$ cat structure12.pdb   # PDB, C-alpha atoms and all ligand atoms
MODEL        1
ATOM      1  CA  MET D   1      72.956 -29.822  32.896
ATOM      2  CA  LYS D   2      69.530 -30.585  34.318
ATOM      3  CA  ILE D   3      66.294 -29.177  32.950
ATOM      4  CA  ILE D   4      63.931 -27.693  35.517
ATOM      5  CA  ASP D   5      60.631 -29.032  34.241
ATOM      6  CA  GLY D   6      58.009 -26.513  35.321
ATOM      7  CA  LYS D   7      55.310 -28.219  33.325
ATOM      8  CA  ALA D   8      55.884 -31.551  35.112
ATOM      9  CA  VAL D   9      56.115 -29.932  38.561
ATOM     10  CA  SER D  10      52.899 -27.996  37.986
ATOM     11  CA  GLU D  11      51.120 -31.207  36.908
ATOM     12  CA  GLU D  12      52.353 -33.000  40.067
ATOM     13  CA  LEU D  13      51.180 -30.147  42.273
ATOM     14  CA  LYS D  14      47.796 -29.987  40.557
ATOM     15  CA  ASN D  15      47.326 -33.729  40.957
ATOM     16  CA  SER D  16      48.051 -33.610  44.647
ATOM     17  CA  MET D  17      45.767 -30.608  45.074
ATOM     18  CA  LYS D  18      42.757 -32.424  43.571
ATOM     19  CA  GLN D  19      42.262 -34.477  46.721
ATOM     20  CA  ASP D  20      42.437 -31.396  48.950
ATOM     21  CA  VAL D  21      39.806 -29.698  46.792
ATOM     22  CA  LEU D  22      37.504 -32.728  47.144
ATOM     23  CA  GLU D  23      37.854 -32.540  50.907
ATOM     24  CA  TYR D  24      37.160 -28.814  50.809
ATOM     25  CA  LYS D  25      34.051 -29.464  48.722
ATOM     26  CA  GLN D  26      32.700 -32.024  51.195
ATOM     27  CA  LYS D  27      33.343 -29.788  54.149
ATOM     28  CA  PHE D  28      32.002 -26.507  52.752
ATOM     29  CA  GLU D  29      29.560 -27.710  50.046
ATOM     30  CA  ARG D  30      31.051 -25.357  47.472
ATOM     31  CA  VAL D  31      34.231 -25.189  45.410
ATOM     32  CA  PRO D  32      36.942 -22.495  45.245
ATOM     33  CA  HIS D  33      36.089 -19.908  42.609
ATOM     34  CA  LEU D  34      38.588 -17.800  40.628
ATOM     35  CA  ALA D  35      37.533 -15.004  38.270
ATOM     36  CA  ALA D  36      39.652 -13.271  35.635
ATOM     37  CA  ILE D  37      38.976  -9.992  33.874
ATOM     38  CA  LEU D  38      40.338  -9.915  30.339
ATOM     39  CA  VAL D  39      40.297  -6.544  28.565
ATOM     40  CA  GLY D  40      40.646  -6.437  24.774
ATOM     41  CA  ASP D  41      41.898  -9.252  22.589
ATOM     42  CA  ASN D  42      45.622  -9.508  23.071
ATOM     43  CA  PRO D  43      46.333 -13.085  21.851
ATOM     44  CA  ALA D  44      49.019 -13.764  24.495
ATOM     45  CA  SER D  45      46.737 -12.624  27.331
ATOM     46  CA  LYS D  46      43.944 -14.814  25.965
ATOM     47  CA  ALA D  47      46.295 -17.823  25.907
ATOM     48  CA  TYR D  48      47.485 -17.215  29.484
ATOM     49  CA  VAL D  49      43.944 -16.771  30.818
ATOM     50  CA  SER D  50      42.857 -19.911  29.002
ATOM     51  CA  ASN D  51      45.726 -21.813  30.699
ATOM     52  CA  LYS D  52      44.468 -20.495  34.038
ATOM     53  CA  VAL D  53      40.911 -21.673  33.303
ATOM     54  CA  LYS D  54      42.223 -25.110  32.258
ATOM     55  CA  SER D  55      44.182 -25.417  35.478
ATOM     56  CA  CYS D  56      41.102 -24.491  37.518
ATOM     57  CA  ASP D  57      39.209 -27.288  35.752
ATOM     58  CA  GLN D  58      42.034 -29.732  36.460
ATOM     59  CA  VAL D  59      42.066 -29.138  40.214
ATOM     60  CA  GLY D  60      38.281 -28.832  40.546
ATOM     61  CA  PHE D  61      37.880 -25.060  40.972
ATOM     62  CA  LYS D  62      35.111 -23.032  39.412
ATOM     63  CA  SER D  63      36.330 -20.227  37.151
ATOM     64  CA  SER D  64      34.735 -17.265  35.412
ATOM     65  CA  VAL D  65      36.208 -15.046  32.728
ATOM     66  CA  ILE D  66      34.800 -11.549  32.300
ATOM     67  CA  THR D  67      35.725 -10.370  28.807
ATOM     68  CA  LEU D  68      35.569  -6.618  28.279
ATOM     69  CA  PRO D  69      36.127  -4.518  25.141
ATOM     70  CA  GLU D  70      39.467  -2.814  24.451
ATOM     71  CA  ASP D  71      37.792   0.611  24.530
ATOM     72  CA  ILE D  72      36.092   0.186  27.921
ATOM     73  CA  SER D  73      36.497   3.296  30.088
ATOM     74  CA  GLU D  74      38.569   3.164  33.251
ATOM     75  CA  ASP D  75      35.479   3.925  35.340
ATOM     76  CA  ASP D  76      33.525   1.060  33.777
ATOM     77  CA  LEU D  77      36.408  -1.329  34.416
ATOM     78  CA  ILE D  78      36.535  -0.186  38.049
ATOM     79  CA  SER D  79      32.777  -0.881  38.337
ATOM     80  CA  GLU D  80      33.378  -4.438  37.128
ATOM     81  CA  ILE D  81      36.109  -4.828  39.751
ATOM     82  CA  GLU D  82      33.767  -3.553  42.452
ATOM     83  CA  LYS D  83      31.186  -6.156  41.437
ATOM     84  CA  LEU D  84      33.767  -8.894  41.915
ATOM     85  CA  ASN D  85      34.882  -7.402  45.237
ATOM     86  CA  ALA D  86      31.265  -7.668  46.443
ATOM     87  CA  ASP D  87      30.483 -11.095  44.960
ATOM     88  CA  LYS D  88      30.435 -13.553  47.868
ATOM     89  CA  ASP D  89      30.857 -16.566  45.584
ATOM     90  CA  ILE D  90      34.200 -15.352  44.214
ATOM     91  CA  ASP D  91      37.208 -16.148  46.408
ATOM     92  CA  GLY D  92      39.773 -14.321  44.327
ATOM     93  CA  PHE D  93      40.190 -12.612  40.987
ATOM     94  CA  ILE D  94      42.765 -11.082  38.689
ATOM     95  CA  VAL D  95      42.811  -8.397  36.023
ATOM     96  CA  GLN D  96      45.067  -9.775  33.297
ATOM     97  CA  LEU D  97      47.856  -7.357  32.312
ATOM     98  CA  PRO D  98      48.805  -5.503  30.187
ATOM     99  CA  LEU D  99      45.824  -3.136  30.020
ATOM    100  CA  PRO D 100      45.074  -0.738  27.143
ATOM    101  CA  LYS D 101      47.117   2.500  27.292
ATOM    102  CA  HIS D 102      44.187   4.676  28.407
ATOM    103  CA  ILE D 103      43.710   2.696  31.629
ATOM    104  CA  SER D 104      45.855   3.217  34.715
ATOM    105  CA  GLU D 105      47.222  -0.081  36.048
ATOM    106  CA  VAL D 106      47.854   1.596  39.387
ATOM    107  CA  ARG D 107      44.239   2.699  39.784
ATOM    108  CA  VAL D 108      42.997  -0.740  38.730
ATOM    109  CA  THR D 109      45.317  -2.565  41.137
ATOM    110  CA  LEU D 110      44.283  -0.309  44.019
ATOM    111  CA  ALA D 111      40.591  -0.967  43.296
ATOM    112  CA  ILE D 112      40.949  -4.716  43.923
ATOM    113  CA  ASP D 113      40.037  -5.827  47.448
ATOM    114  CA  HIS D 114      43.416  -6.995  48.814
ATOM    115  CA  LYS D 115      41.672 -10.000  50.384
ATOM    116  CA  LYS D 116      40.718 -11.183  46.879
ATOM    117  CA  ASP D 117      43.982 -10.099  45.218
ATOM    118  CA  VAL D 118      45.245 -13.573  44.349
ATOM    119  CA  ASP D 119      47.812 -11.988  41.987
ATOM    120  CA  GLY D 120      49.470 -10.403  45.016
ATOM    121  CA  PHE D 121      49.829  -7.090  43.153
ATOM    122  CA  HIS D 122      48.013  -4.811  45.614
ATOM    123  CA  PRO D 123      50.437  -2.671  47.670
ATOM    124  CA  ILE D 124      49.008  -4.198  50.871
ATOM    125  CA  ASN D 125      50.064  -7.661  49.736
ATOM    126  CA  PHE D 126      53.342  -6.357  48.329
ATOM    127  CA  GLY D 127      54.127  -4.555  51.588
ATOM    128  CA  ARG D 128      53.217  -7.595  53.670
ATOM    129  CA  MET D 129      55.479  -9.712  51.444
ATOM    130  CA  ALA D 130      58.353  -7.269  51.960
ATOM    131  CA  GLN D 131      57.925  -7.544  55.739
ATOM    132  CA  GLY D 132      57.509 -11.336  55.735
ATOM    133  CA  LEU D 133      53.870 -11.200  56.861
ATOM    134  CA  PRO D 134      51.195 -13.628  55.588
ATOM    135  CA  CYS D 135      50.081 -12.456  52.122
ATOM    136  CA  TYR D 136      49.342 -13.566  48.592
ATOM    137  CA  LEU D 137      52.719 -13.848  46.886
ATOM    138  CA  PRO D 138      52.838 -12.632  43.281
ATOM    139  CA  ALA D 139      52.309 -15.701  41.113
ATOM    140  CA  THR D 140      55.559 -15.751  39.120
ATOM    141  CA  PRO D 141      57.933 -15.236  42.082
ATOM    142  CA  TYR D 142      55.856 -17.777  44.032
ATOM    143  CA  GLY D 143      56.201 -20.246  41.141
ATOM    144  CA  ILE D 144      59.976 -19.699  41.013
ATOM    145  CA  THR D 145      60.347 -20.419  44.748
ATOM    146  CA  MET D 146      58.309 -23.624  44.300
ATOM    147  CA  LEU D 147      60.677 -24.737  41.518
ATOM    148  CA  LEU D 148      63.823 -23.993  43.541
ATOM    149  CA  ASP D 149      62.295 -25.935  46.440
ATOM    150  CA  ARG D 150      61.249 -28.899  44.316
ATOM    151  CA  TYR D 151      64.745 -29.241  42.800
ATOM    152  CA  ASN D 152      66.457 -28.779  46.202
ATOM    153  CA  ILE D 153      68.406 -25.813  44.913
ATOM    154  CA  GLU D 154      70.148 -24.183  47.874
ATOM    155  CA  THR D 155      69.634 -20.432  48.068
ATOM    156  CA  ALA D 156      71.099 -19.641  51.530
ATOM    157  CA  GLY D 157      74.305 -17.664  51.165
ATOM    158  CA  LYS D 158      74.186 -17.875  47.365
ATOM    159  CA  HIS D 159      74.625 -14.869  45.116
ATOM    160  CA  VAL D 160      71.444 -14.367  43.127
ATOM    161  CA  VAL D 161      71.514 -11.879  40.271
ATOM    162  CA  VAL D 162      68.081 -10.752  39.087
ATOM    163  CA  VAL D 163      67.960  -9.091  35.663
ATOM    164  CA  GLY D 164      64.919  -6.800  35.438
ATOM    165  CA  ARG D 165      63.085  -4.783  38.095
ATOM    166  CA  SER D 166      59.386  -5.052  37.220
ATOM    167  CA  ASN D 167      56.746  -4.798  39.936
ATOM    168  CA  ILE D 168      55.486  -8.293  39.170
ATOM    169  CA  VAL D 169      58.744 -10.265  38.875
ATOM    170  CA  GLY D 170      62.179  -8.661  39.324
ATOM    171  CA  THR D 171      61.481  -6.516  42.369
ATOM    172  CA  PRO D 172      59.390  -9.037  44.344
ATOM    173  CA  ILE D 173      61.662 -12.045  43.635
ATOM    174  CA  SER D 174      64.682 -10.045  44.789
ATOM    175  CA  ILE D 175      62.890  -9.249  48.069
ATOM    176  CA  LEU D 176      61.695 -12.835  48.579
ATOM    177  CA  LEU D 177      65.079 -14.441  47.996
ATOM    178  CA  SER D 178      66.887 -12.050  50.303
ATOM    179  CA  ARG D 179      64.463 -12.633  53.178
ATOM    180  CA  LYS D 180      65.175 -14.935  56.107
ATOM    181  CA  SER D 181      63.287 -18.056  55.019
ATOM    182  CA  LYS D 182      63.659 -21.555  53.627
ATOM    183  CA  ILE D 183      63.841 -20.408  50.021
ATOM    184  CA  GLY D 184      65.719 -17.218  50.837
ATOM    185  CA  ASP D 185      68.773 -16.085  52.802
ATOM    186  CA  ALA D 186      70.471 -15.267  49.506
ATOM    187  CA  THR D 187      72.614 -12.244  48.694
ATOM    188  CA  VAL D 188      70.710 -10.559  45.904
ATOM    189  CA  THR D 189      71.814  -8.084  43.253
ATOM    190  CA  LEU D 190      68.986  -6.474  41.299
ATOM    191  CA  THR D 191      70.151  -5.316  37.876
ATOM    192  CA  HIS D 192      68.301  -3.400  35.159
ATOM    193  CA  SER D 193      68.662  -1.359  31.995
ATOM    194  CA  LYS D 194      70.824   1.335  33.693
ATOM    195  CA  THR D 195      73.163  -1.125  35.438
ATOM    196  CA  LYS D 196      76.847  -0.645  34.608
ATOM    197  CA  ASN D 197      79.050  -3.711  34.038
ATOM    198  CA  LEU D 198      75.955  -5.915  33.830
ATOM    199  CA  HIS D 199      77.886  -8.729  32.126
ATOM    200  CA  TYR D 200      80.468  -8.754  34.916
ATOM    201  CA  ILE D 201      77.799  -8.788  37.648
ATOM    202  CA  VAL D 202      75.850 -11.653  36.069
ATOM    203  CA  GLN D 203      79.132 -13.597  35.768
ATOM    204  CA  GLN D 204      79.349 -13.563  39.598
ATOM    205  CA  ALA D 205      75.936 -15.210  40.026
ATOM    206  CA  ASP D 206      75.311 -18.646  41.482
ATOM    207  CA  ILE D 207      71.677 -18.198  40.443
ATOM    208  CA  VAL D 208      70.531 -15.958  37.566
ATOM    209  CA  ILE D 209      66.908 -14.875  37.245
ATOM    210  CA  ALA D 210      66.275 -13.335  33.837
ATOM    211  CA  ALA D 211      63.130 -11.195  33.701
ATOM    212  CA  ILE D 212      63.920  -8.284  31.414
ATOM    213  CA  GLY D 213      61.673  -9.106  28.455
ATOM    214  CA  ILE D 214      64.390  -9.120  25.784
ATOM    215  CA  PRO D 215      64.742 -12.340  23.753
ATOM    216  CA  GLY D 216      68.098 -14.077  24.306
ATOM    217  CA  PHE D 217      69.483 -11.240  26.465
ATOM    218  CA  VAL D 218      71.456 -13.535  28.787
ATOM    219  CA  THR D 219      74.227 -15.220  26.796
ATOM    220  CA  ALA D 220      76.705 -18.012  27.629
ATOM    221  CA  ASP D 221      79.643 -15.616  28.166
ATOM    222  CA  MET D 222      77.707 -14.051  31.073
ATOM    223  CA  ILE D 223      77.256 -17.355  32.913
ATOM    224  CA  LYS D 224      79.567 -18.859  35.537
ATOM    225  CA  ASP D 225      80.131 -22.608  35.116
ATOM    226  CA  GLY D 226      77.522 -24.530  37.120
ATOM    227  CA  ALA D 227      75.184 -21.574  37.688
ATOM    228  CA  VAL D 228      71.427 -22.122  38.017
ATOM    229  CA  VAL D 229      69.476 -20.197  35.362
ATOM    230  CA  ILE D 230      65.796 -19.282  35.729
ATOM    231  CA  ASP D 231      64.339 -17.813  32.540
ATOM    232  CA  VAL D 232      61.177 -15.801  33.172
ATOM    233  CA  GLY D 233      60.963 -14.253  29.694
ATOM    234  CA  ILE D 234      58.151 -15.226  27.331
ATOM    235  CA  ASN D 235      58.805 -13.528  23.990
ATOM    236  CA  ARG D 236      57.108 -14.418  20.753
ATOM    237  CA  VAL D 237      59.574 -14.043  17.865
ATOM    238  CA  GLU D 238      59.174 -14.613  14.142
ATOM    239  CA  ASP D 239      60.502 -17.855  12.700
ATOM    240  CA  ASP D 240      59.973 -18.445   8.985
ATOM    241  CA  GLN D 241      60.942 -22.127   9.341
ATOM    242  CA  LEU D 242      57.762 -22.794  11.320
ATOM    243  CA  THR D 243      54.284 -23.094   9.839
ATOM    244  CA  SER D 244      52.918 -20.879  12.637
ATOM    245  CA  GLY D 245      55.463 -18.232  11.619
ATOM    246  CA  SER D 246      56.564 -17.622  15.220
ATOM    247  CA  LYS D 247      57.885 -19.316  18.335
ATOM    248  CA  LEU D 248      58.251 -18.621  22.051
ATOM    249  CA  VAL D 249      61.698 -17.827  23.396
ATOM    250  CA  GLY D 250      62.925 -16.703  26.795
ATOM    251  CA  ASP D 251      65.310 -13.960  27.910
ATOM    252  CA  VAL D 252      68.107 -16.542  27.915
ATOM    253  CA  ASP D 253      70.026 -17.912  24.933
ATOM    254  CA  TYR D 254      69.086 -21.472  25.902
ATOM    255  CA  GLU D 255      71.310 -23.144  23.327
ATOM    256  CA  GLY D 256      74.533 -21.540  24.604
ATOM    257  CA  VAL D 257      73.687 -21.066  28.290
ATOM    258  CA  SER D 258      72.494 -24.655  28.855
ATOM    259  CA  LYS D 259      76.034 -25.843  28.038
ATOM    260  CA  LYS D 260      77.385 -24.054  31.146
ATOM    261  CA  SER D 261      74.525 -24.081  33.654
ATOM    262  CA  SER D 262      73.874 -26.817  36.231
ATOM    263  CA  PHE D 263      70.104 -26.258  36.052
ATOM    264  CA  ILE D 264      68.032 -24.295  33.556
ATOM    265  CA  THR D 265      64.334 -23.637  32.948
ATOM    266  CA  PRO D 266      63.131 -24.020  29.338
ATOM    267  CA  VAL D 267      60.679 -21.683  27.575
ATOM    268  CA  PRO D 268      57.957 -22.814  27.178
ATOM    269  CA  GLY D 269      57.499 -25.392  29.954
ATOM    270  CA  GLY D 270      59.522 -23.684  32.692
ATOM    271  CA  VAL D 271      58.342 -20.713  34.720
ATOM    272  CA  GLY D 272      55.094 -20.123  32.732
ATOM    273  CA  PRO D 273      53.168 -23.147  34.036
ATOM    274  CA  MET D 274      54.431 -22.370  37.549
ATOM    275  CA  THR D 275      53.005 -18.839  37.327
ATOM    276  CA  VAL D 276      49.625 -20.445  36.749
ATOM    277  CA  MET D 277      50.306 -22.796  39.683
ATOM    278  CA  GLY D 278      51.111 -19.848  41.960
ATOM    279  CA  LEU D 279      47.732 -18.359  41.135
ATOM    280  CA  ILE D 280      45.972 -21.675  41.809
ATOM    281  CA  MET D 281      47.724 -21.973  45.190
ATOM    282  CA  ASN D 282      46.703 -18.419  46.131
ATOM    283  CA  THR D 283      43.103 -19.064  45.108
ATOM    284  CA  PHE D 284      42.938 -22.125  47.334
ATOM    285  CA  LYS D 285      44.353 -20.059  50.209
ATOM    286  CA  ALA D 286      41.680 -17.430  49.545
ATOM    287  CA  ALA D 287      38.910 -20.056  49.615
ATOM    288  CA  GLN D 288      40.273 -21.461  52.875
ATOM    289  CA  LYS D 289      40.759 -17.981  54.334
ATOM    290  CA  THR D 290      44.324 -18.920  55.231
ATOM    291  CA  ILE D 291      45.707 -15.403  54.893
ATOM    292  CA  TYR D 292      42.748 -13.122  55.650
ATOM    293  CA  SER D 293      39.570 -14.015  57.506
TER
HETATM  294  N1  LIG U   1      47.298  -9.863  36.235
HETATM  295  N2  LIG U   1      48.706 -10.317  34.474
HETATM  296  C1  LIG U   1      48.239 -10.627  35.691
HETATM  297  N3  LIG U   1      48.706 -11.696  36.392
HETATM  298  C2  LIG U   1      49.658 -12.499  35.853
HETATM  299  O1  LIG U   1      50.159 -13.521  36.569
HETATM  300  C3  LIG U   1      50.146 -12.227  34.570
HETATM  301  N4  LIG U   1      51.049 -13.024  33.934
HETATM  302  C4  LIG U   1      52.076 -12.410  33.088
HETATM  303  C5  LIG U   1      51.341 -11.484  32.108
HETATM  304  N5  LIG U   1      50.222 -10.759  32.715
HETATM  305  C6  LIG U   1      49.670 -11.100  33.897
HETATM  306  C7  LIG U   1      50.766 -14.257  33.449
HETATM  307  O2  LIG U   1      49.738 -14.841  33.728
HETATM  308  C8  LIG U   1      52.700 -13.629  32.418
HETATM  309  N6  LIG U   1      51.750 -14.702  32.642
HETATM  310  C9  LIG U   1      51.840 -15.988  32.070
HETATM  311  C10 LIG U   1      50.955 -17.005  32.398
HETATM  312  C11 LIG U   1      51.049 -18.264  31.829
HETATM  313  C12 LIG U   1      52.043 -18.525  30.921
HETATM  314  C13 LIG U   1      52.919 -17.520  30.569
HETATM  315  C14 LIG U   1      52.816 -16.258  31.141
HETATM  316  C15 LIG U   1      52.106 -19.865  30.301
HETATM  317  O3  LIG U   1      51.241 -20.676  30.477
HETATM  318  N7  LIG U   1      53.151 -20.141  29.496
HETATM  319  C16 LIG U   1      53.348 -21.380  28.790
HETATM  320  C17 LIG U   1      53.225 -21.195  27.286
HETATM  321  C18 LIG U   1      52.032 -20.420  26.863
HETATM  322  C19 LIG U   1      51.930 -20.246  25.338
HETATM  323  O4  LIG U   1      52.143 -21.236  24.616
HETATM  324  O5  LIG U   1      51.650 -19.110  24.913
HETATM  325  C20 LIG U   1      54.757 -21.894  29.084
HETATM  326  O6  LIG U   1      54.964 -23.089  28.967
HETATM  327  O7  LIG U   1      55.626 -21.067  29.366
ENDMDL
END
$ encode --input "structure12.pdb" --output "structure tokens" --more "lines below"
Ligand code: L34
Amino acid sequence: MKIIDGKAVSEELKNSMKQDVLEYKQKFERVPHLAAILVGDNPASKAYVSNKVKSCDQVGFKSSVITLPEDISEDDLISEIEKLNADKDIDGFIVQLPLPKHISEVRVTLAIDHKKDVDGFHPINFGRMAQGLPCYLPATPYGITMLLDRYNIETAGKHVVVVGRSNIVGTPISILLSRKSKIGDATVTLTHSKTKNLHYIVQQADIVIAAIGIPGFVTADMIKDGAVVIDVGINRVEDDQLTSGSKLVGDVDYEGVSKKSSFITPVPGGVGPMTVMGLIMNTFKAAQKTIYS
């Protein structure tokens, strides 16, 4: 069993990007600039945004965090988004999810200028992704494809089973991996909470992508010997043994599954850091106007 070290891969990619950012800076006399809107004080969201800021610092990007109160109205949040859409110094920005219940994620996503949508969540980017056109890929699926590429994991002709159908992971990764492309050409089955015989279907997988948000959902009995297992889940669970009182676990029972898999991503240190990397890559593309002029 080999561990897919997302932390190490993201550090390698950031190190090699530093030089490109220096060249960009000399050529354009500015640096790429990412902004993040953070609504409320969800501790997990704060931690993820702080990892994004740290990564910007590491590669030499400028970053700005706009912190807004939990009880901000939807209209006021949209005004903040419009300011960022109009700000010429900002290449790309994100609105960290989840949002408070009273705010519509759909309305917020639609308000973001798709040319600055470095999360790749706007339907224009999603639609372009589905048709194989140049676009910002959603950060987590993008990060997963970078990991498969880096570890030379063949996807062509393989049976990929995705567990979970969210707009930001399950659905887009299933589209990406079934497309005709280098990391693609797979036969994909997208499973979810209403899927019948889910255990049996996952047992057929050469590659399992677990993104259902339930701690330890994928167990060893569901895994074919030698399968590749990508664990997208980040769940904080209580653990009395630890001084912090909690720990991070994925959607995969790592202990059991790692005994059967050929490759597996750990949590933390697997997909999470690569999600941040996907965002960094998209921001650099935005600054270089690679996708949209
Ligand atoms: N708009 N909302 C928007 N874009 C995103 O791309 C996200 N996501 C998801 C939640 N909401 C979002 C993230 O940023 C998940 N996510 C994310 C980002 C970073 C990490 C995990 C999830 C991460 O850095 N994980 C570390 C551990 C972090 C910790 O200790 O809490 C890891 O090693 O997995």
$ residues_near_ligand --input "structure12.pdb" --ligand "ligand LIG 1 (chain U)" --cutoff "7 Å" --atoms "only C-alpha atoms and all ligand atoms" --output "list in words"
Lys7, Ala44, Ser45, Ala47, Tyr48, Val49, Asn51, Ile94, Val95, Gln96, Leu97, Pro98, Asp119, Ala139, Thr140, Ile234, Val267, Pro268, Gly269, Gly270, Val271, Gly272, Pro273, Thr275 and Val276 of chain D
$ resolve_selection --input "structure12.pdb" --expression "the PyMOL selection byres (((chain D and resi 105) around 12) and not hetatm)" --output "tab-separated table (two decimals) with C-alpha atoms, in the coordinates of the input"
chain	number	residue	atom	x	y	z
D	74	GLU	CA	38.57	3.16	33.25
D	77	LEU	CA	36.41	-1.33	34.42
D	78	ILE	CA	36.53	-0.19	38.05
D	95	VAL	CA	42.81	-8.40	36.02
D	96	GLN	CA	45.07	-9.78	33.30
D	97	LEU	CA	47.86	-7.36	32.31
D	98	PRO	CA	48.80	-5.50	30.19
D	99	LEU	CA	45.82	-3.14	30.02
D	100	PRO	CA	45.07	-0.74	27.14
D	101	LYS	CA	47.12	2.50	27.29
D	102	HIS	CA	44.19	4.68	28.41
D	103	ILE	CA	43.71	2.70	31.63
D	104	SER	CA	45.86	3.22	34.72
D	106	VAL	CA	47.85	1.60	39.39
D	107	ARG	CA	44.24	2.70	39.78
D	108	VAL	CA	43.00	-0.74	38.73
D	109	THR	CA	45.32	-2.56	41.14
D	110	LEU	CA	44.28	-0.31	44.02
D	111	ALA	CA	40.59	-0.97	43.30
D	112	ILE	CA	40.95	-4.72	43.92
D	121	PHE	CA	49.83	-7.09	43.15
D	122	HIS	CA	48.01	-4.81	45.61
D	167	ASN	CA	56.75	-4.80	39.94
$ closest_residue --input "structure12.pdb" --among "D:Asp113, D:Glu12, D:Asp239, D:Asp76" --to "Val59 (chain D)" --atoms "all atoms listed in the file"
D:Glu12
$ closest_residue --input "structure12.pdb" --among "D:Thr189, D:Asn125, D:Ser64, D:Asn282" --to "Arg165 (chain D)" --atoms "only C-alpha atoms"
D:Thr189
$ atom_distance --input "structure12.pdb" --atom1 "CA of Tyr292 (chain D)" --atom2 "CA of Cys135 (chain D)"
8.2 Å
$ closest_residue --input "structure12.pdb" --among "D:Gln58, D:Thr283, D:Ser73, D:Asn152" --to "Phe263 (chain D)" --atoms "only C-alpha atoms"
D:Asn152
$ closest_residue --input "structure12.pdb" --among "D:Val39, D:Val53, D:Ile207, D:Leu198" --to "Met277 (chain D)" --atoms "all atoms listed in the file"
D:Val53
$ atom_distance --input "structure12.pdb" --atom1 "CA of Lys62 (chain D)" --atom2 "CA of Ala86 (chain D)"
17.3 Å
$ residues_around --input "structure12.pdb" --residues "Val188 (chain D)" --least-positions-apart "2" --cutoff "12 Å" --atoms "only C-alpha atoms" --output "mmCIF file with C-alpha atoms, keeping the file's coordinate frame"
data_model
loop_
_atom_site.group_PDB
_atom_site.id
_atom_site.type_symbol
_atom_site.label_atom_id
_atom_site.label_comp_id
_atom_site.auth_asym_id
_atom_site.auth_seq_id
_atom_site.Cartn_x
_atom_site.Cartn_y
_atom_site.Cartn_z
ATOM 1 C CA THR D 155 69.634 -20.432 48.068
ATOM 2 C CA ALA D 156 71.099 -19.641 51.530
ATOM 3 C CA GLY D 157 74.305 -17.664 51.165
ATOM 4 C CA LYS D 158 74.186 -17.875 47.365
ATOM 5 C CA HIS D 159 74.625 -14.869 45.116
ATOM 6 C CA VAL D 160 71.444 -14.367 43.127
ATOM 7 C CA VAL D 161 71.514 -11.879 40.271
ATOM 8 C CA VAL D 162 68.081 -10.752 39.087
ATOM 9 C CA VAL D 163 67.960 -9.091 35.663
ATOM 10 C CA GLY D 170 62.179 -8.661 39.324
ATOM 11 C CA THR D 171 61.481 -6.516 42.369
ATOM 12 C CA PRO D 172 59.390 -9.037 44.344
ATOM 13 C CA ILE D 173 61.662 -12.045 43.635
ATOM 14 C CA SER D 174 64.682 -10.045 44.789
ATOM 15 C CA ILE D 175 62.890 -9.249 48.069
ATOM 16 C CA LEU D 176 61.695 -12.835 48.579
ATOM 17 C CA LEU D 177 65.079 -14.441 47.996
ATOM 18 C CA SER D 178 66.887 -12.050 50.303
ATOM 19 C CA ARG D 179 64.463 -12.633 53.178
ATOM 20 C CA GLY D 184 65.719 -17.218 50.837
ATOM 21 C CA ASP D 185 68.773 -16.085 52.802
ATOM 22 C CA ALA D 186 70.471 -15.267 49.506
ATOM 23 C CA LEU D 190 68.986 -6.474 41.299
ATOM 24 C CA THR D 191 70.151 -5.316 37.876
ATOM 25 C CA ILE D 201 77.799 -8.788 37.648
ATOM 26 C CA VAL D 202 75.850 -11.653 36.069
ATOM 27 C CA GLN D 204 79.349 -13.563 39.598
ATOM 28 C CA ALA D 205 75.936 -15.210 40.026
ATOM 29 C CA ASP D 206 75.311 -18.646 41.482
ATOM 30 C CA ILE D 207 71.677 -18.198 40.443
ATOM 31 C CA VAL D 208 70.531 -15.958 37.566
ATOM 32 C CA ILE D 209 66.908 -14.875 37.245
#
$ closest_residue --input "structure12.pdb" --among "D:Asp87, D:Asp240, D:Asp225, D:Glu154" --to "Ser261 (chain D)" --atoms "only C-alpha atoms"
D:Asp225
$ closest_residue --input "structure12.pdb" --among "D:Thr187, D:Ser55, D:Asn235, D:Ser79" --to "Glu11 (chain D)" --atoms "all atoms listed in the file"
D:Ser55
$ residues_around --input "structure12.pdb" --residues "Ile144 (chain D)" --least-positions-apart "2" --cutoff "8 Å" --atoms "all atoms listed in the file" --output "VMD selection string"
chain D and resid 140 to 142 146 to 148 230 271 274 to 275
$ residues_around --input "structure12.pdb" --residues "Phe284 (chain D)" --least-positions-apart "6" --cutoff "12 Å" --atoms "only C-alpha atoms" --output "ChimeraX atom specification"
/D:14,17-18,20-22,24-25,31-34,56,59-62,90-93,116,118,136,277-278,290-291
